Amino acid sequence: MNNILEVIKKRRSVRMFKPDKVKKEDLEIVVEAALYAPSARNLQPWHFTVITDEKLINEISSLAKAAMTADKNSSYQQRAAETNFHVFYHAPAVIIVSGEESSPWAQADCAAAMQNILLAAEALGLGACWVNLFLFAFRGEGGEALPGRLGIPEGYRPLYSAALGYKAQDNLPVPPKKKDCITYL
Ligand SMILES: Cc1cc2nc3c(=O)[nH]c(=O)nc-3n(C[C@H](O)[C@H](O)[C@H](O)COP(=O)(O)O)c2cc1C
């Protein structure tokens, strides 16, 4: 059993993946960890879409790229224009976390589930990156059909995603952390 504090401190966003498929057992462990996140009033207002279909992952990335290119904000346009831009960094697996629209705490609950996903991935030796740019895919042309195709239930909306795969590089060193953000009384 990994020491949770070691895993928390070692975890970094990983953006380079081996092309190997992620083992189904590993994906199941990661999603199960998400289910153990706390949620307000234990409503568990989440839904998880686990995607390992490379064509679909690439399609979501392409839709996001097109919508970023058409965005008014030039920083999104520039990002989309980067060589080999892929919103999920060509990860072989993606988990999309959707939240129940009627739940006032769904964003916090789903964010807690996301952190469990990232930590479980690190504990298994998988690389992972929290990716929100994928949300552009739902805005552009072709995006309206995506929720249905991704099995997102009626009344839920996509909030966050994680790109997952076996690491193609070691975790980068942890950057300095802010120290002046704590008040002890
Ligand atoms: C809400 C949220 C959205 C993020 N969206 C993206 C994203 O779209 N693409 C990306 O490469 N990283 C994304 N990240 C990862 C952050 O860039 C990363 O966590 C941050 O730079 C700190 O680095 P670390 O995760 O290695 O500690 C996101 C992180 C969070 C919490």
# chains A, B, ... in the order shown; residues from 1 in each chain; ligands from 1
>>> residues_near_ligand(ligand="ligand 1", cutoff="6 Å", atoms="only C-alpha atoms and all ligand atoms", output="PyMOL selection string")
chain A and resi 12-13+129-133
>>> write_last_selection(atoms="N, CA and C atoms", output="CSV table (one decimal), in the first residue's frame")
chain,number,residue,atom,x,y,z
A,12,ARG,N,2.4,14.7,-10.1
A,12,ARG,CA,2.5,15.9,-11.0
A,12,ARG,C,1.7,15.7,-12.2
A,13,SER,N,1.3,16.7,-12.8
A,13,SER,CA,0.6,16.5,-14.1
A,13,SER,C,1.6,15.9,-15.1
A,129,CYS,N,-3.3,13.8,-16.1
A,129,CYS,CA,-3.4,15.3,-16.1
A,129,CYS,C,-4.8,15.7,-16.1
A,130,TRP,N,-5.1,16.6,-15.2
A,130,TRP,CA,-6.5,17.2,-15.2
A,130,TRP,C,-6.6,18.1,-16.4
A,131,VAL,N,-7.6,17.9,-17.2
A,131,VAL,CA,-7.7,18.7,-18.5
A,131,VAL,C,-9.1,19.3,-18.5
A,132,ASN,N,-9.2,20.6,-18.5
A,132,ASN,CA,-10.5,21.3,-18.7
A,132,ASN,C,-10.7,21.8,-20.1
A,133,LEU,N,-9.6,22.0,-20.8
A,133,LEU,CA,-9.8,22.5,-22.2
A,133,LEU,C,-10.7,21.7,-23.0
>>> select_by_dssp(residues="stretch 8-179 of chain A", states="strand (DSSP E)", output="number ranges by chain")
A: 46-51, 93-100, 126-131, 156-166
>>> residues_around(residues="stretch 22-24 of chain A", least_positions_apart="5", cutoff="8 Å", atoms="only C-alpha atoms", output="short mmCIF file (atom, residue, chain, number, x, y, z; two decimals) with N, CA, C and O atoms, in the first residue's frame")
data_model
loop_
_atom_site.label_atom_id
_atom_site.label_comp_id
_atom_site.auth_asym_id
_atom_site.auth_seq_id
_atom_site.Cartn_x
_atom_site.Cartn_y
_atom_site.Cartn_z
N PRO A 92 -3.90 7.44 -23.89
CA PRO A 92 -4.71 6.33 -24.38
C PRO A 92 -6.05 6.17 -23.63
O PRO A 92 -6.88 5.37 -24.03
N ALA A 93 -6.20 6.90 -22.54
CA ALA A 93 -7.47 6.81 -21.79
C ALA A 93 -7.84 8.19 -21.26
O ALA A 93 -6.97 9.00 -20.92
N LEU A 164 -5.16 9.96 -19.05
CA LEU A 164 -4.45 8.91 -18.30
C LEU A 164 -3.66 8.00 -19.22
O LEU A 164 -4.09 7.68 -20.32
N GLY A 165 -2.53 7.55 -18.72
CA GLY A 165 -1.74 6.59 -19.48
C GLY A 165 -0.47 6.26 -18.72
O GLY A 165 -0.18 6.86 -17.68
N TYR A 166 0.28 5.32 -19.28
CA TYR A 166 1.58 5.00 -18.66
C TYR A 166 2.56 6.11 -19.01
O TYR A 166 2.58 6.61 -20.14
#
>>> residues_around(residues="stretch 35-38 of chain A", least_positions_apart="5", cutoff="9 Å", atoms="only C-alpha atoms", output="VMD selection string")
chain A and resid 44 46 109 to 110 112 to 116
>>> closest_residue(among="A:Val174, A:Leu119, A:Ile96, A:Leu126", to="A:Leu159", atoms="only C-alpha atoms")
A:Ile96
>>> closest_atom_pairs(of="stretch 116-166 of chain A", to="stretch 25-32 of chain A", cutoff="7 Å", atoms="only C-alpha atoms", output="tab-separated table")
residue	atom	partner	partner_atom	distance
A:Ile117	CA	A:Val30	CA	5.4
A:Ala120	CA	A:Val30	CA	5.4
A:Ala121	CA	A:Val30	CA	6.1
